file query-v6.cif (mmCIF, C-alpha atoms)
data_model
loop_
_atom_site.group_PDB
_atom_site.id
_atom_site.type_symbol
_atom_site.label_atom_id
_atom_site.label_comp_id
_atom_site.auth_asym_id
_atom_site.auth_seq_id
_atom_site.Cartn_x
_atom_site.Cartn_y
_atom_site.Cartn_z
ATOM 1 C CA MET A 295 -72.592 24.544 120.650
ATOM 2 C CA PHE A 296 -73.122 21.602 122.941
ATOM 3 C CA VAL A 297 -71.719 21.720 126.496
ATOM 4 C CA ASN A 298 -70.815 18.192 127.628
ATOM 5 C CA TYR A 299 -70.003 17.612 131.305
ATOM 6 C CA ARG A 300 -70.263 15.213 134.222
ATOM 7 C CA VAL A 301 -72.686 16.101 137.003
ATOM 8 C CA GLN A 302 -70.267 14.458 139.470
ATOM 9 C CA ASP A 303 -67.268 16.462 138.215
ATOM 10 C CA GLN A 304 -67.240 20.280 138.108
ATOM 11 C CA PRO A 305 -70.864 20.999 137.087
ATOM 12 C CA GLY A 306 -70.424 24.613 138.229
ATOM 13 C CA TYR A 307 -67.785 25.226 135.571
ATOM 14 C CA ALA A 308 -70.102 23.757 132.913
ATOM 15 C CA THR A 309 -72.778 26.207 134.026
ATOM 16 C CA LEU A 310 -70.285 29.095 133.861
ATOM 17 C CA VAL A 311 -69.283 28.065 130.331
ATOM 18 C CA HIS A 312 -72.941 27.850 129.294
ATOM 19 C CA GLN A 313 -73.806 31.242 130.808
ATOM 20 C CA ALA A 314 -70.832 33.023 129.277
ATOM 21 C CA LEU A 315 -71.405 31.543 125.819
ATOM 22 C CA ALA A 316 -75.146 32.207 125.957
ATOM 23 C CA GLN A 317 -74.510 35.814 126.981
ATOM 24 C CA GLN A 318 -71.840 36.422 124.361
ATOM 25 C CA LEU A 319 -73.102 34.315 121.447
ATOM 26 C CA GLY A 320 -76.827 33.989 122.083
ATOM 27 C CA ALA A 321 -78.854 31.689 124.325
ATOM 28 C CA GLY A 322 -80.219 29.777 121.344
ATOM 29 C CA GLU A 323 -76.693 28.882 120.219
ATOM 30 C CA VAL A 324 -75.663 26.943 123.358
ATOM 31 C CA PHE A 325 -77.058 23.675 124.721
ATOM 32 C CA LEU A 326 -76.631 22.473 128.310
ATOM 33 C CA ALA A 327 -78.932 19.546 129.104
ATOM 34 C CA ALA A 328 -79.752 20.723 132.624
ATOM 35 C CA ARG A 329 -80.901 24.105 131.309
ATOM 36 C CA SER A 330 -81.982 23.444 127.733
ATOM 37 C CA ILE A 331 -84.328 20.469 127.967
ATOM 38 C CA ARG A 332 -87.908 21.393 128.845
ATOM 39 C CA LEU A 333 -89.856 19.494 131.442
ATOM 40 C CA GLY A 334 -91.546 16.452 129.941
ATOM 41 C CA ASP A 335 -89.311 16.313 126.846
ATOM 42 C CA ASP A 336 -87.669 13.009 125.961
ATOM 43 C CA PHE A 337 -84.132 13.460 127.289
ATOM 44 C CA VAL A 338 -82.483 11.006 124.867
ATOM 45 C CA ASP A 339 -84.171 12.499 121.801
ATOM 46 C CA GLN A 340 -83.365 16.065 122.848
ATOM 47 C CA VAL A 341 -79.699 15.360 123.602
ATOM 48 C CA PHE A 342 -78.919 13.541 120.374
ATOM 49 C CA ASP A 343 -81.174 15.641 118.114
ATOM 50 C CA THR A 344 -79.456 18.764 119.417
ATOM 51 C CA LEU A 345 -75.984 17.255 119.165
ATOM 52 C CA ARG A 346 -76.591 16.360 115.501
ATOM 53 C CA GLN A 347 -77.293 20.036 114.764
ATOM 54 C CA CYS A 348 -74.199 21.367 116.537
ATOM 55 C CA ARG A 349 -70.868 22.197 114.978
ATOM 56 C CA VAL A 350 -68.923 22.207 118.265
ATOM 57 C CA LEU A 351 -69.021 20.073 121.416
ATOM 58 C CA ILE A 352 -67.315 21.571 124.454
ATOM 59 C CA ALA A 353 -66.216 18.794 126.824
ATOM 60 C CA VAL A 354 -65.786 20.223 130.342
ATOM 61 C CA ILE A 355 -63.255 17.987 132.086
ATOM 62 C CA GLY A 356 -62.429 18.146 135.786
ATOM 63 C CA ARG A 357 -59.860 16.254 137.830
ATOM 64 C CA SER A 358 -62.256 13.331 138.561
ATOM 65 C CA TRP A 359 -63.394 12.941 134.949
ATOM 66 C CA PRO A 360 -61.112 9.990 134.024
ATOM 67 C CA SER A 361 -62.059 7.981 137.116
ATOM 68 C CA LEU A 362 -65.744 8.302 136.221
ATOM 69 C CA LEU A 363 -65.422 6.620 132.813
ATOM 70 C CA THR A 364 -67.703 3.579 132.772
ATOM 71 C CA ASP A 365 -69.365 1.334 130.199
ATOM 72 C CA PRO A 366 -69.504 3.356 126.958
ATOM 73 C CA GLU A 367 -73.113 2.297 126.395
ATOM 74 C CA GLN A 368 -74.230 3.588 129.814
ATOM 75 C CA ASP A 369 -71.964 6.634 130.147
ATOM 76 C CA TRP A 370 -73.753 9.689 128.704
ATOM 77 C CA VAL A 371 -70.590 11.770 128.534
ATOM 78 C CA GLN A 372 -68.831 9.133 126.435
ATOM 79 C CA ARG A 373 -71.878 8.599 124.247
ATOM 80 C CA GLU A 374 -72.128 12.308 123.461
ATOM 81 C CA ILE A 375 -68.404 12.712 122.727
ATOM 82 C CA SER A 376 -68.299 9.517 120.660
ATOM 83 C CA ASP A 377 -71.341 10.644 118.665
ATOM 84 C CA ALA A 378 -69.715 14.022 118.041
ATOM 85 C CA PHE A 379 -66.507 12.415 116.737
ATOM 86 C CA SER A 380 -68.428 9.985 114.510
ATOM 87 C CA ARG A 381 -70.307 12.919 112.939
ATOM 88 C CA GLY A 382 -67.208 15.060 112.397
ATOM 89 C CA ILE A 383 -68.261 17.614 115.025
ATOM 90 C CA ARG A 384 -65.344 19.592 116.468
ATOM 91 C CA VAL A 385 -64.645 18.631 120.083
ATOM 92 C CA ILE A 386 -62.953 21.179 122.338
ATOM 93 C CA PRO A 387 -61.763 19.864 125.706
ATOM 94 C CA VAL A 388 -62.050 22.525 128.412
ATOM 95 C CA LEU A 389 -59.850 21.465 131.305
ATOM 96 C CA VAL A 390 -60.854 22.741 134.743
ATOM 97 C CA GLU A 391 -57.956 23.926 136.906
ATOM 98 C CA ASP A 392 -55.271 21.185 136.887
ATOM 99 C CA ALA A 393 -57.312 18.457 135.156
ATOM 100 C CA GLU A 394 -55.722 16.518 132.310
ATOM 101 C CA VAL A 395 -57.105 14.495 129.425
ATOM 102 C CA PRO A 396 -55.995 10.870 129.882
ATOM 103 C CA PRO A 397 -53.530 9.461 127.347
ATOM 104 C CA GLU A 398 -55.115 8.056 124.210
ATOM 105 C CA ALA A 399 -54.375 4.433 125.224
ATOM 106 C CA GLU A 400 -56.319 4.900 128.485
ATOM 107 C CA LEU A 401 -59.481 6.207 126.807
ATOM 108 C CA PRO A 402 -62.291 4.005 125.493
ATOM 109 C CA GLU A 403 -62.122 3.415 121.753
ATOM 110 C CA GLY A 404 -64.957 5.779 120.780
ATOM 111 C CA ILE A 405 -63.355 8.807 122.445
ATOM 112 C CA ARG A 406 -59.608 8.190 121.978
ATOM 113 C CA ALA A 407 -59.372 11.143 119.607
ATOM 114 C CA LEU A 408 -60.111 13.383 122.603
ATOM 115 C CA ALA A 409 -56.468 12.979 123.696
ATOM 116 C CA ARG A 410 -55.361 14.618 120.417
ATOM 117 C CA CYS A 411 -57.692 17.632 120.568
ATOM 118 C CA GLN A 412 -56.198 20.998 121.459
ATOM 119 C CA HIS A 413 -57.648 22.112 124.784
ATOM 120 C CA LEU A 414 -58.392 25.275 126.726
ATOM 121 C CA ARG A 415 -57.783 25.501 130.463
ATOM 122 C CA LEU A 416 -60.177 27.308 132.819
ATOM 123 C CA ARG A 417 -58.591 28.535 136.029
ATOM 124 C CA HIS A 418 -60.343 30.267 138.917
ATOM 125 C CA TYR A 419 -57.802 33.097 138.932
ATOM 126 C CA SER A 420 -58.124 33.841 135.215
ATOM 127 C CA ILE A 421 -61.699 32.752 134.452
ATOM 128 C CA ALA A 422 -62.668 35.975 132.663
ATOM 129 C CA THR A 423 -59.620 35.871 130.393
ATOM 130 C CA ASP A 424 -59.993 32.144 129.757
ATOM 131 C CA MET A 425 -63.689 32.518 128.863
ATOM 132 C CA ALA A 426 -62.920 35.476 126.602
ATOM 133 C CA GLN A 427 -60.392 33.288 124.787
ATOM 134 C CA LEU A 428 -63.006 30.552 124.327
ATOM 135 C CA VAL A 429 -65.593 33.027 123.031
ATOM 136 C CA GLU A 430 -63.084 34.555 120.609
ATOM 137 C CA GLU A 431 -62.010 31.141 119.350
ATOM 138 C CA LEU A 432 -65.640 30.117 118.778
ATOM 139 C CA ARG A 433 -66.299 33.362 116.900
ATOM 140 C CA ASN A 434 -63.297 32.566 114.684
ATOM 141 C CA LEU A 435 -64.432 28.969 114.140
ATOM 142 C CA LEU A 436 -68.048 29.951 113.507
ATOM 143 C CA PRO A 437 -67.943 33.380 111.817
ATOM 144 C CA GLN A 438 -71.721 33.539 111.501
ATOM 145 C CA LEU A 439 -71.891 33.715 115.317
ATOM 146 C CA ALA A 440 -69.721 36.816 115.382
ATOM 147 C CA ASP A 441 -71.837 38.421 112.665
ATOM 148 C CA ASP A 442 -75.106 37.467 114.371
ATOM 149 C CA THR A 443 -73.859 38.706 117.743
ATOM 150 C CA ARG A 444 -72.768 42.036 116.332
ATOM 151 C CA ALA A 445 -76.047 42.387 114.423
ATOM 152 C CA SER A 446 -78.122 41.652 117.509
ATOM 153 C CA GLY A 447 -77.889 45.252 118.619
ATOM 154 C CA ALA A 448 -76.420 48.288 116.985
ATOM 155 C CA GLN A 449 -73.871 50.459 118.705
ATOM 156 C CA GLN A 450 -75.605 53.230 120.586
ATOM 157 C CA ALA A 451 -74.095 56.593 121.417
ATOM 158 C CA PHE A 452 -75.540 58.996 123.944
ATOM 159 C CA ARG A 453 -74.658 62.694 124.209
ATOM 160 C CA ARG A 454 -75.792 65.337 126.574
ATOM 161 C CA ALA A 455 -77.461 68.230 124.795
ATOM 162 C CA ASP A 456 -75.534 70.801 126.813
ATOM 163 C CA SER A 457 -72.170 69.011 126.401
ATOM 164 C CA PRO A 458 -71.727 67.696 122.834
ATOM 165 C CA ASP A 459 -68.075 66.822 123.543
ATOM 166 C CA SER A 460 -69.087 64.081 126.007
ATOM 167 C CA GLU A 461 -70.238 60.748 124.673
ATOM 168 C CA PHE A 462 -71.194 57.405 126.199
ATOM 169 C CA VAL A 463 -71.149 54.451 123.776
ATOM 170 C CA ILE A 464 -72.607 50.955 124.195
ATOM 171 C CA VAL A 465 -71.157 48.266 121.935
ATOM 172 C CA PRO A 466 -73.091 44.969 122.256
ATOM 173 C CA GLY A 467 -71.027 41.829 122.656
ATOM 174 C CA ASP A 468 -67.664 43.405 123.354
ATOM 175 C CA ILE A 469 -67.497 43.255 127.140
ATOM 176 C CA LEU A 470 -67.421 39.912 128.942
ATOM 177 C CA ARG A 471 -67.806 41.380 132.409
ATOM 178 C CA CYS A 472 -67.790 44.793 133.995
ATOM 179 C CA THR A 473 -67.016 44.728 137.682
ATOM 180 C CA SER A 474 -67.493 48.407 138.473
ATOM 181 C CA ALA A 475 -68.280 51.750 136.967
ATOM 182 C CA ASP A 476 -68.182 55.241 138.390
ATOM 183 C CA VAL A 477 -71.129 57.433 137.508
ATOM 184 C CA TRP A 478 -71.125 61.090 138.501
ATOM 185 C CA VAL A 479 -74.366 63.011 138.552
ATOM 186 C CA ASN A 480 -74.321 66.733 139.098
ATOM 187 C CA SER A 481 -77.635 67.946 140.426
#

call {"tool": "encode", "arguments": {"input": "query-v6.cif", "output": "structure tokens"}}
result
Amino acid sequence: MFVNYRVQDQPGYATLVHQALAQQLGAGEVFLAARSIRLGDDFVDQVFDTLRQCRVLIAVIGRSWPSLLTDPEQDWVQREISDAFSRGIRVIPVLVEDAEVPPEAELPEGIRALARCQHLRLRHYSIATDMAQLVEELRNLLPQLADDTRASGAQQAFRRADSPDSEFVIVPGDILRCTSADVWVNS
């Protein structure tokens, strides 16, 4: 998966998307230029070589995104999205808060199809649920990811020798975030 975003428009949400997908689907499955390109690598080669290998481009779109559209030849965001469409790569718009995709007629020719793509909205008050929906949708679109994620670590059960009725189970890949846990230790 390729995370496409504008540095000037909601880069923090792009990083959140990258982190959540890397955690849930594997770091090697998600590309974010700022985190995935090694120092000294040719940026252009890395971006487009990686994009050609992806099956999904996630376009993170904030409120300022439409006003930042420039010359399609100089605008990296447009170039990446246009390249994805021309190669038949699925493009998923991820709209940040109240952002909207511009109408098709207002988009440059190479990315007009973006206006017809079903989107997902990320909201600060439901970020965990929204990200879980994105992860689930990607697992449905790319079944090998779900299989690989599940196979990355087997379920582990732990039992106390003196209390066989108690069990603690870890299931890899099933929890997006745990905010608290109570642990009682009797000494």

call {"tool": "resolve_selection", "arguments": {"input": "query-v6.cif", "expression": "the PyMOL selection byres ((chain A and resi 386-401) around 9)", "output": "number ranges by chain"}}
result
A: 304, 307, 350-360, 363, 384-385, 402-418

call {"tool": "closest_residue", "arguments": {"input": "query-v6.cif", "among": "A:Gln317, A:Asp339, A:Glu367, A:Val297", "to": "A:Val429", "atoms": "all atoms listed in the file"}}
result
A:Gln317

call {"tool": "residues_around", "arguments": {"input": "query-v6.cif", "residues": "A:Gly322", "least_positions_apart": "2", "cutoff": "12 Å", "atoms": "all atoms listed in the file", "output": "list of chain:residue names"}}
result
A:Met295, A:Phe296, A:His312, A:Gln313, A:Leu315, A:Ala316, A:Gln317, A:Gln318, A:Leu319, A:Gly320, A:Val324, A:Phe325, A:Leu326, A:Arg329, A:Ser330, A:Thr344, A:Cys348, A:Leu439, A:Asp442, A:Thr443

call {"tool": "atom_distance", "arguments": {"input": "query-v6.cif", "atom1": "atom CA of A:Ala321", "atom2": "atom CA of A:Trp370"}}
result
23.0 Å

call {"tool": "resolve_selection", "arguments": {"input": "query-v6.cif", "expression": "the PyMOL selection byres ((chain A and resi 381) around 12)", "output": "list in words"}}
result
Phe342, Leu345, Arg346, Gln347, Cys348, Arg349, Val350, Leu351, Glu374, Ile375, Ser376, Asp377, Ala378, Phe379, Ser380, Gly382, Ile383, Arg384, Val385 and Gly404 of chain A

call {"tool": "axis_aligned_box", "arguments": {"input": "query-v6.cif", "around": "stretch 309-325 of chain A", "padding_each_side": "4 Å", "output": "AutoDock Vina command-line options"}}
result
--center_x -74.8 --center_y 30.0 --center_z 127.1 --size_x 18.9 --size_y 20.7 --size_z 21.8

call {"tool": "atom_distance", "arguments": {"input": "query-v6.cif", "atom1": "atom CA of A:Ala328", "atom2": "atom CA of A:Ala314"}}
result
15.6 Å

call {"tool": "atom_distance", "arguments": {"input": "query-v6.cif", "atom1": "atom CA of A:Gly306", "atom2": "atom CA of A:Tyr419"}}
result
15.2 Å

call {"tool": "residues_around", "arguments": {"input": "query-v6.cif", "residues": "stretch 371-373 of chain A", "least_positions_apart": "5", "cutoff": "7 Å", "atoms": "all atoms listed in the file", "output": "PDB file with C-alpha atoms, in the frame of the given file"}}
result
ATOM      1  CA  ASN A 298     -70.815  18.192 127.628  1.00  0.00           C
ATOM      2  CA  TYR A 299     -70.003  17.612 131.305  1.00  0.00           C
ATOM      3  CA  ARG A 300     -70.263  15.213 134.222  1.00  0.00           C
ATOM      4  CA  PRO A 366     -69.504   3.356 126.958  1.00  0.00           C
ATOM      5  CA  ILE A 405     -63.355   8.807 122.445  1.00  0.00           C
TER       6      ILE A 405
END
